[in-house]
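Undergrad: What follows is the file work.cif, containing mmCIF, C-alpha atoms and all ligand atoms:
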data_entry
loop_
_atom_site.label_atom_id
_atom_site.label_comp_id
_atom_site.auth_asym_id
_atom_site.auth_seq_id
_atom_site.Cartn_x
_atom_site.Cartn_y
_atom_site.Cartn_z
CA MET I 19 7.22 112.75 169.58
CA PHE I 20 8.90 116.07 170.32
CA ILE I 21 12.20 114.51 171.30
CA ARG I 22 12.15 112.31 168.19
CA ASP I 23 11.94 115.41 165.97
CA GLN I 24 14.77 116.99 167.94
CA VAL I 25 16.97 113.93 167.49
CA ILE I 26 16.24 113.76 163.76
CA ALA I 27 17.06 117.48 163.39
CA TRP I 28 20.35 116.89 165.27
CA LEU I 29 21.14 113.82 163.14
CA SER I 30 20.55 115.68 159.87
CA GLU I 31 23.32 118.07 160.95
CA ASN I 32 25.70 115.39 162.17
CA VAL I 33 25.37 112.32 159.93
CA SER I 34 25.00 111.73 156.18
CA ASP I 35 21.59 111.24 154.53
CA HIS I 36 22.53 107.63 153.84
CA ARG I 37 23.29 107.06 157.53
CA LEU I 38 20.06 108.78 158.57
CA GLN I 39 18.09 106.35 156.39
CA HIS I 40 19.94 103.45 158.07
CA ILE I 41 19.16 104.89 161.52
CA LEU I 42 15.44 105.24 160.72
CA GLY I 43 15.49 101.66 159.39
CA VAL I 44 17.05 100.46 162.65
CA GLU I 45 14.46 102.42 164.65
CA GLN I 46 11.56 100.78 162.80
CA MET I 47 13.00 97.28 162.86
CA SER I 48 13.83 97.58 166.58
CA ILE I 49 10.21 98.57 167.32
CA GLN I 50 8.85 95.64 165.29
CA LEU I 51 11.26 93.13 166.84
CA ALA I 52 10.40 94.42 170.31
CA LYS I 53 6.68 93.88 169.69
CA GLN I 54 7.40 90.42 168.34
CA HIS I 55 9.53 89.39 171.34
CA GLY I 56 7.52 91.07 174.12
CA ILE I 57 9.96 93.90 174.83
CA ASP I 58 9.04 97.57 175.39
CA PRO I 59 8.76 98.97 171.82
CA HIS I 60 9.18 102.57 172.97
CA LYS I 61 12.57 101.82 174.52
CA ALA I 62 13.58 99.89 171.41
CA GLY I 63 12.63 102.83 169.18
CA VAL I 64 14.63 105.31 171.28
CA ALA I 65 17.67 103.00 171.28
CA GLY I 66 17.38 102.54 167.50
CA LEU I 67 17.05 106.26 166.83
CA MET I 68 20.06 107.14 168.99
CA HIS I 69 22.43 104.24 168.35
CA ASP I 70 24.66 105.97 165.77
CA LEU I 71 24.69 109.55 167.08
CA ALA I 72 28.51 109.59 167.12
CA LYS I 73 29.02 107.68 163.87
CA PHE I 74 30.71 110.63 162.16
CA PHE I 75 32.70 111.98 165.09
CA PRO I 76 36.42 112.16 164.20
CA PRO I 77 38.73 109.61 165.89
CA THR I 78 40.34 112.20 168.17
CA GLN I 79 36.93 113.29 169.47
CA LEU I 80 35.83 109.68 170.05
CA LEU I 81 39.00 108.95 172.02
CA GLN I 82 38.76 112.17 174.00
CA MET I 83 35.11 111.70 174.96
CA ALA I 84 35.70 108.06 175.91
CA GLN I 85 38.64 109.11 178.06
CA GLU I 86 36.69 111.89 179.76
CA GLU I 87 33.94 109.38 180.51
CA GLY I 88 36.55 107.22 182.25
CA LEU I 89 36.04 104.27 179.91
CA GLU I 90 38.71 101.62 179.68
CA ILE I 91 40.05 101.88 176.13
CA ASP I 92 41.62 98.60 175.03
CA PRO I 93 44.45 98.48 172.46
CA ILE I 94 42.10 97.52 169.60
CA CYS I 95 39.84 100.51 170.25
CA GLN I 96 42.91 102.70 170.67
CA THR I 97 44.02 101.85 167.11
CA ASN I 98 40.43 101.66 165.75
CA PRO I 99 38.68 104.54 167.54
CA HIS I 100 35.67 104.14 165.25
CA LEU I 101 34.67 101.17 167.45
CA LEU I 102 34.11 103.70 170.23
CA HIS I 103 31.21 105.34 168.35
CA ALA I 104 28.85 102.96 170.19
CA ASP I 105 30.01 104.04 173.65
CA VAL I 106 30.19 107.68 172.63
CA SER I 107 26.70 107.61 171.08
CA ALA I 108 25.40 106.57 174.52
CA ILE I 109 27.21 109.55 176.07
CA VAL I 110 25.60 111.91 173.51
CA ALA I 111 22.16 110.32 174.12
CA ARG I 112 22.54 111.07 177.84
CA GLU I 113 24.15 114.50 177.64
CA GLU I 114 22.36 115.94 174.61
CA PHE I 115 18.94 114.28 174.90
CA GLY I 116 18.66 113.45 178.60
CA ILE I 117 18.30 109.68 178.20
CA LYS I 118 18.71 108.14 181.66
CA ASP I 119 17.33 104.64 181.10
CA GLU I 120 20.33 102.34 181.65
CA GLU I 121 18.88 99.60 179.46
CA ILE I 122 18.63 101.97 176.50
CA LEU I 123 22.11 103.39 177.10
CA THR I 124 23.58 99.88 177.42
CA ALA I 125 21.88 98.73 174.22
CA ILE I 126 23.45 101.69 172.38
CA LYS I 127 26.87 100.80 173.85
CA ASN I 128 26.49 97.16 172.78
CA HIS I 129 25.26 97.73 169.25
CA THR I 130 28.58 97.11 167.46
CA LEU I 131 30.38 94.39 169.44
CA GLY I 132 27.52 92.98 171.48
CA SER I 133 28.31 91.66 174.94
CA PRO I 134 27.99 88.25 176.59
CA ALA I 135 24.76 87.98 178.61
CA MET I 136 23.35 91.16 177.08
CA CYS I 137 19.68 91.85 177.76
CA PRO I 138 16.92 91.32 175.16
CA LEU I 139 16.76 95.05 174.33
CA SER I 140 20.49 94.99 173.50
CA CYS I 141 19.97 91.85 171.40
CA ILE I 142 17.21 93.58 169.43
CA LEU I 143 19.29 96.64 168.63
CA PHE I 144 22.32 94.49 167.80
CA VAL I 145 20.45 92.46 165.17
CA ALA I 146 18.35 95.38 163.85
CA ASP I 147 21.58 97.31 163.19
CA ALA I 148 22.76 94.51 160.89
CA LEU I 149 19.44 93.49 159.35
CA GLU I 150 17.37 96.66 158.78
CA PRO I 151 16.05 96.83 155.18
CA ASN I 152 18.69 99.31 153.89
CA ARG I 153 21.41 96.69 154.51
CA GLY I 154 20.32 94.96 151.29
CA ASN I 155 18.25 91.97 150.28
CA THR I 156 20.64 89.11 149.59
CA PRO I 157 19.19 85.64 150.27
CA GLU I 158 21.49 85.36 153.31
CA LEU I 159 20.15 88.60 154.82
CA GLU I 160 16.56 87.61 154.06
CA LEU I 161 17.09 84.31 155.86
CA MET I 162 18.68 86.10 158.83
CA ARG I 163 15.69 88.48 159.01
CA GLN I 164 13.37 85.49 159.14
CA VAL I 165 15.35 84.05 162.07
CA SER I 166 15.29 87.40 163.91
CA TRP I 167 11.48 87.13 164.22
CA GLU I 168 11.67 83.55 165.43
CA ASN I 169 14.68 83.25 167.73
CA LEU I 170 16.48 86.31 169.08
CA TYR I 171 19.54 84.47 170.40
CA LYS I 172 20.04 82.48 167.25
CA SER I 173 19.77 85.78 165.41
CA VAL I 174 22.52 87.29 167.59
CA ARG I 175 24.76 84.30 166.84
CA GLN I 176 24.07 84.60 163.10
CA THR I 177 24.74 88.33 163.17
CA CYS I 178 28.10 87.72 164.88
CA ASP I 179 28.98 85.03 162.32
CA PHE I 180 28.01 87.38 159.47
CA SER I 181 30.15 90.14 160.90
CA LEU I 182 33.09 87.77 161.58
CA LYS I 183 32.98 86.44 158.01
CA TYR I 184 33.03 89.99 156.68
CA LEU I 185 35.99 90.91 158.90
CA LEU I 186 37.92 87.81 157.81
CA ASN I 187 37.18 88.36 154.12
CA THR I 188 38.23 92.01 154.23
CA HIS I 189 41.30 91.42 156.46
CA LYS I 190 39.98 93.68 159.20
CA THR I 191 40.73 93.52 162.90
CA ILE I 192 38.39 91.32 164.93
CA HIS I 193 37.55 92.56 168.40
CA PRO I 194 37.47 89.62 170.84
CA ARG I 195 34.13 90.81 172.25
CA THR I 196 32.43 89.81 168.98
CA ILE I 197 33.66 86.26 169.54
CA LEU I 198 32.62 86.28 173.22
CA THR I 199 29.16 87.52 172.19
CA ARG I 200 28.92 84.84 169.52
CA ASN I 201 29.85 82.02 171.90
CA TRP I 202 27.42 83.28 174.54
CA ALA I 203 24.55 83.45 172.01
CA LEU I 204 25.41 79.98 170.74
CA GLU I 205 25.34 78.52 174.26
CA THR I 206 22.10 80.33 175.09
CA THR I 207 20.43 78.95 171.97
CA ARG I 208 21.56 75.44 172.88
CA ASN I 209 20.37 75.77 176.48
CA LEU I 210 16.95 77.06 175.40
CA ALA I 211 16.58 74.12 173.01
CA LYS I 212 17.17 71.57 175.81
FE FE I 301 26.99 101.92 164.66
FE FE I 302 24.13 101.50 162.86
#
Rewrite the structure of this file - the entire thing - as structure tokens.
Ligand SMILES: [Fe+2]
Ligand SMILES: [Fe+2]

TA:
Amino acid sequence: MFIRDQVIAWLSENVSDHRLQHILGVEQMSIQLAKQHGIDPHKAGVAGLMHDLAKFFPPTQLLQMAQEEGLEIDPICQTNPHLLHADVSAIVAREEFGIKDEEILTAIKNHTLGSPAMCPLSCILFVADALEPNRGNTPELELMRQVSWENLYKSVRQTCDFSLKYLLNTHKTIHPRTILTRNWALETTRNLAK
């Protein structure tokens, strides 16, 4: 519990109150989804608590930290450095809080764009980030929450679709990895149904 208090103290200095509520919502939903789907709930809680550590880092800092880490920064991330907050949050989790578990670090990295063939822990964080209670209670979100308890891969596909619809409607840049993640989740769902 000690590290959790430390992380929350750090977050209250580095993110808004609104974001902290979202983060705690993701933590709780990740733990519950992990229990439901037979994944380690402790790992899920740590990933949830640390997924948005770099959410409020300025673009220059995100780019600089990603560069120093030796990450390949594609043109879309170069013009939208905010997308790098996932990768950079994993760096902060490792450097600031000593997280060494690769599965946790990878889940943090994957929480915004997903990744084809991502592991169940990554899937859980990916959907919890979109579906935690503070995201609202529209009928569409309620239905998606229902699916997240029943079928994790279908939930990933729905979360990608939800995000893609939002990006289309608001004329925002779509990162191709969201589409790759969506197609992978769709195929996985189909294969499991066979
Ligand atoms: Fe995020
Ligand atoms: Fe988030």

Undergrad: Would you list the residues that come within 9 Å of ligand FE 301 (chain I)? Count only C-alpha atoms and all ligand atoms and give the answer as a PyMOL selection string.

TA: chain I and resi 41+69-73+100-101+103-104+107+126+129-130+147

Undergrad: Can I get the selected residues back with C-alpha atoms, as an mmCIF file, in the frame of the given file?

TA:
data_model
loop_
_atom_site.group_PDB
_atom_site.id
_atom_site.type_symbol
_atom_site.label_atom_id
_atom_site.label_comp_id
_atom_site.auth_asym_id
_atom_site.auth_seq_id
_atom_site.Cartn_x
_atom_site.Cartn_y
_atom_site.Cartn_z
ATOM 1 C CA ILE I 41 19.160 104.890 161.520
ATOM 2 C CA HIS I 69 22.430 104.240 168.350
ATOM 3 C CA ASP I 70 24.660 105.970 165.770
ATOM 4 C CA LEU I 71 24.690 109.550 167.080
ATOM 5 C CA ALA I 72 28.510 109.590 167.120
ATOM 6 C CA LYS I 73 29.020 107.680 163.870
ATOM 7 C CA HIS I 100 35.670 104.140 165.250
ATOM 8 C CA LEU I 101 34.670 101.170 167.450
ATOM 9 C CA HIS I 103 31.210 105.340 168.350
ATOM 10 C CA ALA I 104 28.850 102.960 170.190
ATOM 11 C CA SER I 107 26.700 107.610 171.080
ATOM 12 C CA ILE I 126 23.450 101.690 172.380
ATOM 13 C CA HIS I 129 25.260 97.730 169.250
ATOM 14 C CA THR I 130 28.580 97.110 167.460
ATOM 15 C CA ASP I 147 21.580 97.310 163.190
#

Undergrad: Please determine, counting only C-alpha atoms, which residue among I:Pro157, I:Pro76, I:Pro134, I:Gly88 has the shortest atom-to-atom distance to Val33 (chain I).

TA: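 Smallest distance to Val33 (chain I) is found for I:Pro76.
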
Undergrad: Interatomic distance between CA of Ile122 (chain I) and CA of Leu143 (chain I)?

TA: 9.5 Å

Undergrad: Between I:Val106, I:Ile192, I:Ile94, I:Leu42, which residue has the minimum interatomic distance to ligand FE 302 (chain I), considering all atoms listed in the file?

TA: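 Checking each candidate against ligand FE 302 (chain I), we get I:Leu42 as the closest.
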
Undergrad: Which polymer residues have any atom within 12 Å of an atom of Gln24 (chain I), counting only C-alpha atoms, with same-chain residues fewer than 2 positions away left out, as number ranges by chain?

TA: I: 19-22, 26-31, 67-68, 111, 114-116

Undergrad: Which centre and edge lengths in Å to one decimal define the box along x, y and z that fits every listed atom of region 126-145 of chain I plus 5 Å per side, as AutoDock Vina command-line options?

TA:
--center_x 23.6 --center_y 94.8 --center_z 171.9 --size_x 23.6 --size_y 23.7 --size_z 23.4

Undergrad: Enter the distance from CA of Asn209 (chain I) to CA of Ser48 (chain I), in Å, rounded to one decimal.

TA: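 These two atoms are separated by 24.8 Å.
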
Undergrad: Check the smallest atom-to-atom distance from each of I:Ala62, I:Val145, I:Ala211, I:Leu161 to Gln50 (chain I) using only C-alpha atoms, then report the winner.

TA: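 Among I:Ala62, I:Val145, I:Ala211, I:Leu161, it is I:Ala62 that comes nearest to Gln50 (chain I).
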
Undergrad: For a quick check of understanding, using only C-alpha atoms, which of I:Arg163, I:His55, I:Lys190, I:Arg153 has the smallest distance to Gly43 (chain I)?

TA: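 Selected residue with least distance to Gly43 (chain I): I:Arg153.
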
Undergrad: Would you mind telling me which residue in I:Asn152, I:Ser133, I:Asn32, I:Gln54 lies nearest to ligand FE 302 (chain I) when using all atoms listed in the file?

TA: I:Asn152

Undergrad: Could you check which of I:Phe144, I:Leu185, I:Glu45, I:Leu80 is closest to His60 (chain I), using only C-alpha atoms?

TA: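 Of I:Phe144, I:Leu185, I:Glu45, I:Leu80, the one nearest His60 (chain I) is I:Glu45, counting only C-alpha atoms.
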
Undergrad: Mind pulling up the distance from CA of Trp202 (chain I) to CA of Val165 (chain I)?

TA: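 Computed distance, CA of Val165 (chain I) to CA of Trp202 (chain I), equals 17.4 Å.
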
Undergrad: Skip Arg200 (chain I) itself and residues of its chain fewer than 3 positions away, then list as a CSV table (one decimal) with C-alpha atoms, keeping the file's coordinate frame all residues within 8 Å of it, counting all atoms listed in the file.

TA:
chain,number,residue,atom,x,y,z
I,134,PRO,CA,28.0,88.2,176.6
I,174,VAL,CA,22.5,87.3,167.6
I,175,ARG,CA,24.8,84.3,166.8
I,178,CYS,CA,28.1,87.7,164.9
I,179,ASP,CA,29.0,85.0,162.3
I,196,THR,CA,32.4,89.8,169.0
I,197,ILE,CA,33.7,86.3,169.5
I,203,ALA,CA,24.6,83.4,172.0
I,204,LEU,CA,25.4,80.0,170.7

Undergrad: Hey, what's within 12 Å of Lys53 (chain I) if we count all atoms listed in the file and toss same-chain stuff fewer than 3 positions away? As a list in words, please?

TA: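 Returned residues: Gln46, Met47, Ser48, Ile49, Gln50, Gly56, Ile57, Asp58, Pro59, His60, Lys61, Ala62, Gly63, Pro138, Leu139, Ile142 and Trp167 of chain I.
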
Undergrad: Quick one: region 92-114 of chain I with N, CA, C and O atoms, as an mmCIF file, in the first residue's frame?

TA:
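Everything below was put into decode.cif:
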data_model
loop_
_atom_site.group_PDB
_atom_site.id
_atom_site.type_symbol
_atom_site.label_atom_id
_atom_site.label_comp_id
_atom_site.auth_asym_id
_atom_site.auth_seq_id
_atom_site.Cartn_x
_atom_site.Cartn_y
_atom_site.Cartn_z
ATOM 1 N N ASP I 92 7.063 8.182 -34.707
ATOM 2 C CA ASP I 92 6.543 8.291 -36.075
ATOM 3 C C ASP I 92 6.007 9.699 -36.325
ATOM 4 O O ASP I 92 5.833 10.482 -35.392
ATOM 5 N N PRO I 93 5.750 10.036 -37.617
ATOM 6 C CA PRO I 93 5.339 11.409 -37.941
ATOM 7 C C PRO I 93 4.065 11.849 -37.208
ATOM 8 O O PRO I 93 3.928 13.020 -36.842
ATOM 9 N N ILE I 94 3.132 10.929 -36.963
ATOM 10 C CA ILE I 94 1.888 11.321 -36.283
ATOM 11 C C ILE I 94 2.174 11.706 -34.833
ATOM 12 O O ILE I 94 1.651 12.694 -34.317
ATOM 13 N N CYS I 95 3.024 10.942 -34.171
ATOM 14 C CA CYS I 95 3.394 11.284 -32.788
ATOM 15 C C CYS I 95 4.243 12.556 -32.745
ATOM 16 O O CYS I 95 4.167 13.331 -31.790
ATOM 17 N N GLN I 96 5.034 12.745 -33.789
ATOM 18 C CA GLN I 96 5.859 13.964 -33.863
ATOM 19 C C GLN I 96 4.970 15.209 -33.875
ATOM 20 O O GLN I 96 5.254 16.193 -33.202
ATOM 21 N N THR I 97 3.867 15.147 -34.644
ATOM 22 C CA THR I 97 2.969 16.314 -34.703
ATOM 23 C C THR I 97 1.915 16.285 -33.589
ATOM 24 O O THR I 97 1.307 17.307 -33.301
ATOM 25 N N ASN I 98 1.697 15.132 -32.978
ATOM 26 C CA ASN I 98 0.743 15.031 -31.846
ATOM 27 C C ASN I 98 1.453 14.395 -30.648
ATOM 28 O O ASN I 98 1.144 13.256 -30.275
ATOM 29 N N PRO I 99 2.403 15.122 -30.052
ATOM 30 C CA PRO I 99 3.216 14.512 -28.983
ATOM 31 C C PRO I 99 2.389 13.990 -27.809
ATOM 32 O O PRO I 99 2.861 13.122 -27.072
ATOM 33 N N HIS I 100 1.156 14.490 -27.672
ATOM 34 C CA HIS I 100 0.326 14.003 -26.573
ATOM 35 C C HIS I 100 0.165 12.474 -26.614
ATOM 36 O O HIS I 100 0.037 11.823 -25.579
ATOM 37 N N LEU I 101 0.177 11.918 -27.839
ATOM 38 C CA LEU I 101 0.059 10.460 -27.977
ATOM 39 C C LEU I 101 1.188 9.731 -27.251
ATOM 40 O O LEU I 101 1.040 8.567 -26.879
ATOM 41 N N LEU I 102 2.304 10.440 -27.063
ATOM 42 C CA LEU I 102 3.461 9.812 -26.400
ATOM 43 C C LEU I 102 3.280 9.708 -24.884
ATOM 44 O O LEU I 102 4.113 9.104 -24.211
ATOM 45 N N HIS I 103 2.194 10.272 -24.343
ATOM 46 C CA HIS I 103 2.064 10.232 -22.868
ATOM 47 C C HIS I 103 1.961 8.791 -22.366
ATOM 48 O O HIS I 103 2.316 8.512 -21.221
ATOM 49 N N ALA I 104 1.515 7.871 -23.220
ATOM 50 C CA ALA I 104 1.439 6.466 -22.809
ATOM 51 C C ALA I 104 2.855 5.888 -22.627
ATOM 52 O O ALA I 104 3.175 5.332 -21.567
ATOM 53 N N ASP I 105 3.684 6.065 -23.655
ATOM 54 C CA ASP I 105 5.069 5.576 -23.560
ATOM 55 C C ASP I 105 5.818 6.258 -22.418
ATOM 56 O O ASP I 105 6.570 5.613 -21.684
ATOM 57 N N VAL I 106 5.615 7.557 -22.297
ATOM 58 C CA VAL I 106 6.374 8.301 -21.289
ATOM 59 C C VAL I 106 5.876 7.963 -19.871
ATOM 60 O O VAL I 106 6.666 7.902 -18.931
ATOM 61 N N SER I 107 4.586 7.671 -19.722
ATOM 62 C CA SER I 107 4.091 7.248 -18.403
ATOM 63 C C SER I 107 4.796 5.965 -17.963
ATOM 64 O O SER I 107 5.101 5.790 -16.775
ATOM 65 N N ALA I 108 5.053 5.070 -18.911
ATOM 66 C CA ALA I 108 5.780 3.825 -18.578
ATOM 67 C C ALA I 108 7.209 4.140 -18.134
ATOM 68 O O ALA I 108 7.740 3.497 -17.216
ATOM 69 N N ILE I 109 7.822 5.134 -18.764
ATOM 70 C CA ILE I 109 9.184 5.525 -18.358
ATOM 71 C C ILE I 109 9.160 6.064 -16.921
ATOM 72 O O ILE I 109 9.995 5.705 -16.095
ATOM 73 N N VAL I 110 8.156 6.911 -16.615
ATOM 74 C CA VAL I 110 8.054 7.484 -15.268
ATOM 75 C C VAL I 110 7.778 6.367 -14.241
ATOM 76 O O VAL I 110 8.363 6.357 -13.154
ATOM 77 N N ALA I 111 6.918 5.416 -14.609
ATOM 78 C CA ALA I 111 6.607 4.299 -13.701
ATOM 79 C C ALA I 111 7.891 3.543 -13.339
ATOM 80 O O ALA I 111 8.094 3.151 -12.188
ATOM 81 N N ARG I 112 8.750 3.360 -14.321
ATOM 82 C CA ARG I 112 10.012 2.628 -14.099
ATOM 83 C C ARG I 112 11.007 3.473 -13.302
ATOM 84 O O ARG I 112 11.571 3.012 -12.305
ATOM 85 N N GLU I 113 11.207 4.701 -13.756
ATOM 86 C CA GLU I 113 12.261 5.543 -13.170
ATOM 87 C C GLU I 113 11.872 6.100 -11.795
ATOM 88 O O GLU I 113 12.699 6.162 -10.897
ATOM 89 N N GLU I 114 10.619 6.513 -11.667
ATOM 90 C CA GLU I 114 10.195 7.194 -10.440
ATOM 91 C C GLU I 114 9.728 6.195 -9.376
ATOM 92 O O GLU I 114 9.933 6.391 -8.195
#
